[in-house]
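Student: Structure file target.pdb, PDB, C-alpha atoms and all ligand atoms, is pasted below:
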MODEL        1
ATOM      1  CA  VAL A 188       0.000   0.000   0.000
ATOM      2  CA  THR A 189       1.435   3.308  -1.072
ATOM      3  CA  ARG A 190       0.812   6.168   1.254
ATOM      4  CA  ILE A 191      -0.584   9.152  -0.645
ATOM      5  CA  LYS A 192      -0.420  12.534   0.988
ATOM      6  CA  ILE A 193      -3.862  13.871   0.289
ATOM      7  CA  ALA A 194      -2.838  17.499   0.820
ATOM      8  CA  ASP A 195      -0.203  17.181  -1.919
ATOM      9  CA  GLU A 196      -2.508  15.697  -4.492
ATOM     10  CA  ASN A 197      -3.749  17.851  -7.295
ATOM     11  CA  TRP A 198      -7.193  16.274  -7.242
ATOM     12  CA  SER A 199      -9.652  18.345  -5.333
ATOM     13  CA  THR A 200     -13.022  16.871  -6.113
ATOM     14  CA  THR A 201     -13.076  13.339  -7.505
ATOM     15  CA  LEU A 202     -10.978  10.406  -6.258
ATOM     16  CA  PRO A 203      -8.214   9.229  -8.655
ATOM     17  CA  VAL A 204      -9.974   5.862  -9.035
ATOM     18  CA  ILE A 205     -13.741   6.131  -8.798
ATOM     19  CA  VAL A 206     -15.838   3.366  -7.263
ATOM     20  CA  LYS A 207     -19.629   3.043  -7.592
ATOM     21  CA  PRO A 208     -21.793   1.827  -4.709
ATOM     22  CA  ASP A 209     -23.437  -1.582  -4.981
ATOM     23  CA  ARG A 210     -27.072  -2.254  -4.164
ATOM     24  CA  ASP A 211     -27.636  -2.571  -0.396
ATOM     25  CA  GLU A 212     -24.000  -1.719   0.301
ATOM     26  CA  TRP A 213     -23.131  -0.050   3.595
ATOM     27  CA  LEU A 214     -21.332   3.282   3.680
ATOM     28  CA  GLY A 215     -18.469   1.916   5.829
ATOM     29  CA  GLY A 216     -17.710  -0.862   3.345
ATOM     30  CA  PHE A 217     -18.046   1.474   0.376
ATOM     31  CA  LEU A 218     -15.446   3.816   1.877
ATOM     32  CA  LEU A 219     -13.078   0.867   2.340
ATOM     33  CA  ARG A 220     -13.616  -0.117  -1.294
ATOM     34  CA  CYS A 221     -12.707   3.455  -2.323
ATOM     35  CA  ASP A 222      -9.502   3.142  -0.258
ATOM     36  CA  ARG A 223      -8.740  -0.262  -1.773
ATOM     37  CA  ALA A 224      -9.324   0.836  -5.373
ATOM     38  CA  ASN A 225      -6.916   3.730  -4.824
ATOM     39  CA  CYS A 226      -4.289   1.555  -3.043
ATOM     40  CA  TRP A 227      -4.660   3.604   0.133
ATOM     41  CA  HIS A 228      -4.671   2.752   3.810
ATOM     42  CA  ALA A 229      -8.069   2.263   5.436
ATOM     43  CA  GLY A 230      -9.694   5.609   6.216
ATOM     44  CA  GLU A 231      -7.940   7.803   3.638
ATOM     45  CA  THR A 232     -11.154   8.481   1.706
ATOM     46  CA  VAL A 233     -12.723   9.582   4.995
ATOM     47  CA  ALA A 234      -9.677  11.786   5.652
ATOM     48  CA  HIS A 235     -10.353  13.436   2.295
ATOM     49  CA  ILE A 236     -14.008  14.038   3.181
ATOM     50  CA  LEU A 237     -13.087  15.536   6.550
ATOM     51  CA  GLN A 238     -10.461  17.756   4.974
ATOM     52  CA  SER A 239     -12.718  18.956   2.161
ATOM     53  CA  THR A 240     -15.518  19.789   4.611
ATOM     54  CA  SER A 241     -13.236  21.208   7.344
ATOM     55  CA  THR A 242     -14.719  18.826   9.872
ATOM     56  CA  LYS A 243     -13.080  16.526  12.419
ATOM     57  CA  TYR A 244     -15.256  13.507  13.118
ATOM     58  CA  PHE A 245     -16.894  10.967  10.868
ATOM     59  CA  ASN A 246     -19.738   8.708  11.976
ATOM     60  CA  PRO A 247     -20.496   5.979   9.407
ATOM     61  CA  LEU A 248     -23.766   5.146  11.230
ATOM     62  CA  ALA A 249     -25.224   8.645  11.133
ATOM     63  CA  PRO A 250     -23.195  10.863   8.797
ATOM     64  CA  PRO A 251     -24.433  14.428   8.321
ATOM     65  CA  PRO A 252     -25.653  15.261   4.782
ATOM     66  CA  LEU A 253     -22.531  17.418   4.320
ATOM     67  CA  HIS A 254     -20.260  14.359   4.580
ATOM     68  CA  LEU A 255     -22.439  12.333   2.204
ATOM     69  CA  TRP A 256     -22.522  15.237  -0.214
ATOM     70  CA  ALA A 257     -18.706  15.532  -0.136
ATOM     71  CA  LEU A 258     -18.388  11.773  -0.733
ATOM     72  CA  GLY A 259     -20.809  12.124  -3.640
ATOM     73  CA  GLN A 260     -18.560  14.847  -5.081
ATOM     74  CA  ALA A 261     -15.553  12.545  -4.677
ATOM     75  CA  VAL A 262     -17.157   9.722  -6.668
ATOM     76  CA  GLY A 263     -19.237  11.841  -9.045
ATOM     77  CA  LEU A 264     -22.656  10.932  -7.658
ATOM     78  CA  SER A 265     -25.508  12.880  -6.090
ATOM     79  CA  LEU A 266     -26.286  13.210  -2.391
ATOM     80  CA  THR A 267     -29.380  11.041  -2.968
ATOM     81  CA  HIS A 268     -27.194   8.229  -4.306
ATOM     82  CA  MET A 269     -24.971   8.461  -1.244
ATOM     83  CA  GLN A 270     -27.968   8.418   1.089
ATOM     84  CA  HIS A 271     -28.767   4.890  -0.139
ATOM     85  CA  LEU A 272     -25.572   3.765   1.644
ATOM     86  CA  THR A 273     -27.162   4.612   4.995
ATOM     87  CA  TYR A 274     -30.608   4.492   6.641
ATOM     88  CA  GLN A 275     -30.626   8.269   7.142
ATOM     89  CA  LYS A 276     -33.530   8.917   4.765
ATOM     90  CA  GLU A 277     -35.640   6.170   6.288
ATOM     91  CA  LEU A 278     -34.948   7.555   9.762
ATOM     92  CA  ALA A 279     -35.753  11.108   8.665
ATOM     93  CA  ARG A 280     -39.166   9.945   7.405
ATOM     94  CA  LEU A 281     -39.967   8.486  10.826
ATOM     95  CA  GLU A 282     -38.842  11.475  12.854
ATOM     96  CA  GLY A 283     -41.384  14.061  13.925
ATOM     97  CA  LEU A 284     -42.440  13.163  17.441
ATOM     98  CA  ILE A 285     -38.846  12.359  18.315
ATOM     99  CA  PRO A 286     -36.321  15.147  17.690
ATOM    100  CA  ARG A 287     -33.492  12.734  16.914
ATOM    101  CA  LEU A 288     -33.937   9.157  15.805
ATOM    102  CA  LEU A 289     -31.012   6.716  15.669
ATOM    103  CA  LEU A 290     -30.619   3.109  14.592
ATOM    104  CA  GLN A 291     -28.399   2.570  17.620
ATOM    105  CA  PRO A 292     -25.974   4.727  19.571
ATOM    106  CA  ALA A 293     -22.455   4.730  18.048
ATOM    107  CA  HIS A 294     -21.000   3.297  21.278
ATOM    108  CA  SER A 295     -23.184   0.188  21.116
ATOM    109  CA  PHE A 296     -22.321  -0.575  17.490
ATOM    110  CA  LEU A 297     -20.049  -3.579  17.047
ATOM    111  CA  LEU A 298     -18.757  -3.976  13.500
ATOM    112  CA  GLY A 299     -19.502  -7.416  12.071
ATOM    113  CA  VAL A 300     -18.659  -8.681   8.575
ATOM    114  CA  CYS A 301     -19.436 -11.771   6.510
ATOM    115  CA  PRO A 302     -16.063 -13.254   5.435
ATOM    116  CA  GLU A 303     -17.620 -14.739   2.290
ATOM    117  CA  CYS A 304     -19.046 -11.359   1.200
ATOM    118  CA  ILE A 305     -15.561  -9.884   1.707
ATOM    119  CA  TYR A 306     -13.948 -12.775  -0.206
ATOM    120  CA  GLN A 307     -16.312 -12.509  -3.169
ATOM    121  CA  LEU A 308     -16.848  -8.759  -3.564
ATOM    122  CA  HIS A 309     -15.274  -6.850  -0.667
ATOM    123  CA  PHE A 310     -18.879  -6.120   0.142
ATOM    124  CA  ILE A 311     -20.357  -5.105   3.490
ATOM    125  CA  GLU A 312     -24.129  -5.226   3.498
ATOM    126  CA  LYS A 313     -26.022  -2.182   4.757
ATOM    127  CA  ALA A 314     -27.919  -4.385   7.195
ATOM    128  CA  VAL A 315     -24.783  -4.692   9.395
ATOM    129  CA  ALA A 316     -25.709  -1.187  10.585
ATOM    130  CA  LEU A 317     -29.049  -2.468  11.933
ATOM    131  CA  PRO A 318     -29.239  -3.262  15.639
ATOM    132  CA  PHE A 319     -29.140  -7.005  16.423
ATOM    133  CA  SER A 320     -27.822  -8.024  12.995
ATOM    134  CA  GLN A 321     -25.745 -11.207  13.441
ATOM    135  CA  VAL A 322     -26.114 -13.208  10.236
ATOM    136  CA  CYS A 323     -25.444 -12.803   6.498
ATOM    137  CA  LEU A 324     -28.676 -14.190   5.018
ATOM    138  CA  GLU A 325     -27.101 -14.515   1.564
ATOM    139  CA  HIS A 326     -24.431 -16.964   2.777
ATOM    140  CA  GLU A 327     -26.118 -18.070   6.015
ATOM    141  CA  LEU A 328     -22.902 -17.319   7.869
ATOM    142  CA  ARG A 329     -22.456 -15.665  11.251
ATOM    143  CA  LEU A 330     -21.068 -12.141  11.066
ATOM    144  CA  GLN A 331     -17.567 -12.013  12.537
ATOM    145  CA  HIS A 332     -16.818  -9.272  15.051
ATOM    146  CA  GLN A 333     -13.396 -10.401  16.217
ATOM    147  CA  CYS A 334     -10.211 -11.490  14.473
ATOM    148  CA  SER A 335      -8.553 -14.829  15.295
ATOM    149  CA  CYS A 336      -6.080 -12.744  17.369
ATOM    150  CA  HIS A 337      -9.103 -11.642  19.526
ATOM    151  CA  THR A 338      -8.946  -8.009  18.374
ATOM    152  CA  TYR A 339     -12.346  -6.503  17.571
ATOM    153  CA  LEU A 340     -12.732  -5.472  13.939
ATOM    154  CA  LYS A 341     -12.083  -1.802  13.384
ATOM    155  CA  LEU A 342     -13.442  -0.058  10.294
ATOM    156  CA  PHE A 343     -10.572   2.371   9.752
ATOM    157  CA  PRO A 344      -7.449   1.117  11.568
ATOM    158  CA  ARG A 345      -4.747   3.728  11.158
ATOM    159  CA  GLY A 346      -1.980   2.814   8.712
ATOM    160  CA  LYS A 347      -3.472  -0.572   7.784
ATOM    161  CA  PRO A 348      -4.782  -1.793   4.418
ATOM    162  CA  PRO A 349      -8.593  -1.832   4.077
ATOM    163  CA  PHE A 350     -10.529  -4.985   5.118
ATOM    164  CA  CYS A 351      -7.746  -6.166   7.470
ATOM    165  CA  CYS A 352      -7.298  -6.692  11.219
ATOM    166  CA  ALA A 353      -6.012  -3.623  13.059
ATOM    167  CA  ALA A 354      -3.599  -5.705  15.151
ATOM    168  CA  CYS A 355      -2.277  -8.686  13.138
ATOM    169  CA  GLY A 356      -3.228  -7.559   9.622
ATOM    170  CA  LEU A 357      -5.262 -10.705   8.834
ATOM    171  CA  ASP A 358      -7.409 -10.210   5.755
ATOM    172  CA  TRP A 359     -11.098 -10.249   6.778
ATOM    173  CA  GLN A 360     -11.875 -12.776   4.027
ATOM    174  CA  LYS A 361      -9.762 -15.281   6.031
ATOM    175  CA  LEU A 362     -11.912 -14.911   9.132
ATOM    176  CA  PRO A 363     -13.685 -18.145  10.149
ATOM    177  CA  HIS A 364     -16.692 -19.046   8.012
ATOM    178  CA  VAL A 365     -19.131 -20.116  10.727
ATOM    179  CA  LYS A 366     -22.462 -21.540   9.560
ATOM    180  CA  ALA A 367     -25.375 -19.776  11.251
ATOM    181  CA  GLU A 368     -27.743 -21.963  13.308
ATOM    182  CA  HIS A 369     -31.317 -22.222  12.081
ATOM    183  CA  SER A 370     -32.559 -20.247  15.117
ATOM    184  CA  ALA A 371     -30.082 -17.430  14.398
ATOM    185  CA  ILE A 372     -31.247 -17.242  10.779
ATOM    186  CA  GLN A 373     -34.877 -17.099  11.925
ATOM    187  CA  ALA A 374     -34.097 -14.360  14.449
ATOM    188  CA  GLU A 375     -32.249 -12.390  11.773
ATOM    189  CA  GLU A 376     -35.188 -12.698   9.368
ATOM    190  CA  THR A 377     -37.568 -11.515  12.089
ATOM    191  CA  PHE A 378     -35.525  -8.401  12.890
ATOM    192  CA  ARG A 379     -35.013  -7.621   9.213
ATOM    193  CA  TYR A 380     -38.784  -7.938   8.708
ATOM    194  CA  PHE A 381     -39.388  -5.495  11.550
ATOM    195  CA  PHE A 382     -37.036  -2.928  10.055
ATOM    196  CA  SER A 383     -38.268  -3.368   6.486
ATOM    197  CA  ARG A 384     -41.857  -2.808   7.684
ATOM    198  CA  LEU A 385     -40.803   0.222   9.696
ATOM    199  CA  PHE A 386     -38.742   1.706   6.876
ATOM    200  CA  SER A 387     -41.133   1.016   3.994
ATOM    201  CA  GLN A 388     -44.417   1.929   5.716
ATOM    202  CA  GLY A 389     -43.454   3.892   8.811
ATOM    203  CA  THR A 390     -44.601   7.449   9.431
ATOM    204  CA  PRO A 391     -44.113   9.622  12.547
ATOM    205  CA  LYS A 392     -47.725   8.860  13.580
ATOM    206  CA  ARG A 393     -47.286   5.141  13.161
ATOM    207  CA  LEU A 394     -44.027   5.202  15.119
ATOM    208  CA  ALA A 395     -45.839   7.125  17.884
ATOM    209  CA  ARG A 396     -48.565   4.466  17.897
ATOM    210  CA  LEU A 397     -45.940   1.736  18.094
ATOM    211  CA  LEU A 398     -44.512   3.439  21.191
ATOM    212  CA  SER A 399     -48.022   3.682  22.676
ATOM    213  CA  PHE A 400     -48.497  -0.009  21.948
ATOM    214  CA  ILE A 401     -45.290  -0.830  23.868
ATOM    215  CA  GLU A 402     -46.369   1.405  26.741
ATOM    216  CA  GLU A 403     -49.802  -0.220  26.904
ATOM    217  CA  ARG A 404     -48.229  -3.673  26.992
ATOM    218  CA  GLN A 405     -45.800  -2.627  29.706
ATOM    219  CA  ARG A 406     -48.728  -1.309  31.791
ATOM    220  CA  ARG A 407     -50.648  -4.543  31.378
ATOM    221  CA  LYS A 408     -47.596  -6.543  32.413
ATOM    222  CA  GLU A 409     -47.100  -4.361  35.489
ATOM    223  CA  ALA A 410     -50.763  -4.647  36.396
ATOM    224  CA  SER A 411     -50.538  -8.422  36.179
ATOM    225  CA  VAL A 412     -47.596  -8.556  38.595
ATOM    226  CA  LYS A 413     -49.271  -5.862  40.789
ATOM    227  CA  ALA A 414     -46.266  -3.549  40.672
ATOM    228  CA  LYS A 415     -46.425  -1.058  43.540
ATOM    229  CA  GLN A 416     -44.630   1.716  41.684
ATOM    230  CA  PRO A 417     -45.965   2.385  38.181
ATOM    231  CA  SER A 418     -43.083   3.019  35.778
ATOM    232  CA  VAL A 419     -42.448   6.501  34.477
ATOM    233  CA  HIS A 420     -44.582   7.254  31.431
ATOM    234  CA  TYR A 421     -42.700   5.530  28.615
ATOM    235  CA  ILE A 422     -43.316   8.026  25.838
ATOM    236  CA  SER A 423     -42.732  11.148  27.938
ATOM    237  CA  ARG A 424     -39.486   9.644  29.138
ATOM    238  CA  LEU A 425     -38.391   9.097  25.535
ATOM    239  CA  ILE A 426     -39.396  12.575  24.433
ATOM    240  CA  ALA A 427     -37.661  14.175  27.405
ATOM    241  CA  ARG A 428     -34.482  12.393  26.414
ATOM    242  CA  GLY A 429     -34.677  13.947  22.937
ATOM    243  CA  THR A 430     -33.053  10.955  21.257
ATOM    244  CA  LEU A 431     -34.665   7.651  20.477
ATOM    245  CA  SER A 432     -32.749   4.624  19.288
ATOM    246  CA  LEU A 433     -34.624   1.956  17.337
ATOM    247  CA  GLU A 434     -32.426  -0.559  19.145
ATOM    248  CA  ASP A 435     -34.268   0.376  22.378
ATOM    249  CA  VAL A 436     -37.659   0.255  20.659
ATOM    250  CA  VAL A 437     -37.057  -3.292  19.398
ATOM    251  CA  ARG A 438     -35.670  -4.417  22.757
ATOM    252  CA  ASP A 439     -38.664  -2.960  24.626
ATOM    253  CA  LEU A 440     -41.063  -4.479  22.134
ATOM    254  CA  VAL A 441     -39.473  -7.932  22.503
ATOM    255  CA  LEU A 442     -39.696  -7.586  26.307
ATOM    256  CA  THR A 443     -43.471  -7.108  26.071
ATOM    257  CA  ASN A 444     -43.701 -10.592  24.470
ATOM    258  CA  ALA A 445     -45.819  -9.122  21.685
ATOM    259  CA  SER A 446     -45.099 -10.255  18.152
ATOM    260  CA  PHE A 447     -44.055  -7.769  15.491
ATOM    261  CA  ASP A 448     -47.284  -8.573  13.635
ATOM    262  CA  GLU A 449     -49.337  -7.577  16.694
ATOM    263  CA  ALA A 450     -47.358  -4.342  16.941
ATOM    264  CA  PHE A 451     -48.090  -3.527  13.290
ATOM    265  CA  ALA A 452     -51.674  -4.806  13.407
ATOM    266  CA  ASP A 453     -53.362  -1.440  12.802
ATOM    267  CA  TRP A 454     -50.953  -0.258  10.122
ATOM    268  CA  THR A 455     -53.008  -1.443   7.195
ATOM    269  CA  ASN A 456     -56.312   0.315   7.925
ATOM    270  CA  ASP A 457     -55.334   3.552   9.658
ATOM    271  CA  GLN A 458     -55.525   7.187   8.531
ATOM    272  CA  ASP A 459     -51.909   7.102   7.384
ATOM    273  CA  GLN A 460     -52.892   5.039   4.357
ATOM    274  CA  ILE A 461     -50.488   6.624   1.928
ATOM    275  CA  ALA A 462     -47.340   4.775   2.835
ATOM    276  CA  VAL A 463     -44.104   6.310   1.662
ATOM    277  CA  ILE A 464     -42.457   3.585  -0.379
ATOM    278  CA  GLU A 465     -39.622   4.364  -2.738
TER     279      GLU A 465
HETATM  280 ZN    ZN B   1     -22.178 -12.947   3.084
HETATM  281 ZN    ZN B   2      -5.937 -10.009  14.151
ENDMDL
END
Is it possible to express this structure as structure tokens?
Tutor:
Amino acid sequence: VTRIKIADENWSTTLPVIVKPDRDEWLGGFLLRCDRANCWHAGETVAHILQSTSTKYFNPLAPPPLHLWALGQAVGLSLTHMQHLTYQKELARLEGLIPRLLLQPAHSFLLGVCPECIYQLHFIEKAVALPFSQVCLEHELRLQHQCSCHTYLKLFPRGKPPFCCAACGLDWQKLPHVKAEHSAIQAEETFRYFFSRLFSQGTPKRLARLLSFIEERQRRKEASVKAKQPSVHYISRLIARGTLSLEDVVRDLVLTNASFDEAFADWTNDQDQIAVIE
């Protein structure tokens, strides 16, 4: 890998070698493919974006439109194209009641990759950014979060080639190919179904009703165990916090023992008929 000093380069807008995003590709993996195509260390495309936007931090889970726009400039595509690499648009459509909606907080995100996807296409599926994602459904393999040397996978390890372990340099395609158990595949399909329903048909009103549904179920559960102290109003607690993570919503929903179908039961015949589907 040849180190290229970005400041010395005479390119200012597009990358020397331009890469196009694949369908359902995740932003983090796309950035690594840009690095790889240009024979750079992991994270140099991000360094370019930060430099061109005079910003310091990059969050591949929730990048601001400015960073996606700058990346679009670098690969000759529109902001809209770049937004397909994230769930930002889907989240924006659901916001309204909640000032800031996240998939999951950055600190709880553990990078996981499918070694076979890396081997075949250096591809990281967008779904790895979803909370609870553990399985590549295409290859029915468990996502790998740790290298054989026990180091957790890092997206942009400084001074290392893309798609390699930060500590020992092992290529991610050589990570163990572990067949996913049937139960893990089923769980993955269930969570993916939840998110696809939420993202394809969700509106702020429907999300609010989903939260009310969870609250109602929690109340019923408390009533059945005759809890002395009623819990703080679920929705007001969320609104007061100002940030809602869908990871928490799914966890709370699962804790109520309600099925996703029950939670979405009134979505087909409500006032919000006109679902926003792209
Ligand atoms: Zn795969
Ligand atoms: Zn390693």
Student: Taking the file above as input, evaluate the PyMOL selection byres (((not hetatm)) within 8 of (chain B and resi 2)) and report the hits as a PDB file with C-alpha atoms, in the coordinates of the input.
Tutor:
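Output contents, as saved in result-v8.pdb:
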ATOM      1  CA  GLN A 333     -13.396 -10.401  16.217  1.00  0.00           C
ATOM      2  CA  CYS A 334     -10.211 -11.490  14.473  1.00  0.00           C
ATOM      3  CA  SER A 335      -8.553 -14.829  15.295  1.00  0.00           C
ATOM      4  CA  CYS A 336      -6.080 -12.744  17.369  1.00  0.00           C
ATOM      5  CA  HIS A 337      -9.103 -11.642  19.526  1.00  0.00           C
ATOM      6  CA  THR A 338      -8.946  -8.009  18.374  1.00  0.00           C
ATOM      7  CA  CYS A 351      -7.746  -6.166   7.470  1.00  0.00           C
ATOM      8  CA  CYS A 352      -7.298  -6.692  11.219  1.00  0.00           C
ATOM      9  CA  ALA A 353      -6.012  -3.623  13.059  1.00  0.00           C
ATOM     10  CA  ALA A 354      -3.599  -5.705  15.151  1.00  0.00           C
ATOM     11  CA  CYS A 355      -2.277  -8.686  13.138  1.00  0.00           C
ATOM     12  CA  GLY A 356      -3.228  -7.559   9.622  1.00  0.00           C
ATOM     13  CA  LEU A 357      -5.262 -10.705   8.834  1.00  0.00           C
TER      14      LEU A 357
END
Student: Selected by the PyMOL selection byres (((chain A and resi 221) around 10) and not hetatm) in the shown coordinates: which residues, as a list in words?
Tutor: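 For this structure, the PyMOL selection byres (((chain A and resi 221) around 10) and not hetatm) resolves to Leu202, Pro203, Val204, Ile205, Val206, Lys207, Pro208, Gly216, Phe217, Leu218, Leu219, Arg220, Asp222, Arg223, Ala224, Asn225, Cys226, Trp227, Ala229, Gly230, Glu231, Thr232, Val233, Ala261, Val262 and Pro349 of chain A.
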Student: Do you know which residues are within 9 Å of ligand ZN 1 (chain B) using all atoms listed in the file? Can you write them as a list in words?
Tutor: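 These are the residues that qualify: Val300, Cys301, Pro302, Glu303, Cys304, Ile305, Tyr306, Gln307, Phe310, Ile311, Glu312, Val322, Cys323, Leu324, Glu325, His326, Glu327, Leu328, Arg329 and Leu330 of chain A.
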Student: Which neighbours of A:Tyr274 fall inside 9 Å, counting all atoms listed in the file, when residues of the same chain fewer than 3 positions from it are skipped, and could you give them as a ChimeraX atom specification?
Tutor: /A:248-249,270-271,277-279,290,313,316-317,386
Student: Do you know which residues the PyMOL selection byres (((chain A and resi 298) around 10) and not hetatm) returns on this file, as a ChimeraX atom specification?
Tutor: /A:215,295-297,299-300,315-316,320,330-333,339-342
Student: Measuring atom to atom with all atoms listed in the file, identify which of A:Met269, A:Ala395, A:Ala314, A:Ile236 is nearest to A:Glu375.
Tutor: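 The shortest atom-to-atom distance to A:Glu375 comes from A:Ala314.
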Student: Neighbours of A:Ser399 within 12 Å (all atoms listed in the file; same-chain residues fewer than 6 positions away dropped), as a PyMOL selection string?
Tutor: chain A and resi 392-393+405-406+420-423+425+436+439-440+450-451
Student: Quick one, how far is atom CA of A:His228 from atom CA of A:Arg345?
Tutor: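 Answer for the atom CA of A:His228 to atom CA of A:Arg345 separation: 7.4 Å.
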Student: To one decimal place, how far is atom CA of A:Phe343 from atom CA of A:Lys361 in Å?
Tutor: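 Taking atom CA of A:Phe343 and atom CA of A:Lys361, their separation equals 18.1 Å.
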Student: To one decimal place in Å, what is the distance between atom CA of A:Gln321 and atom CA of A:Thr377?
Tutor: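 Calculated distance between atom CA of A:Gln321 and atom CA of A:Thr377 is 11.9 Å.
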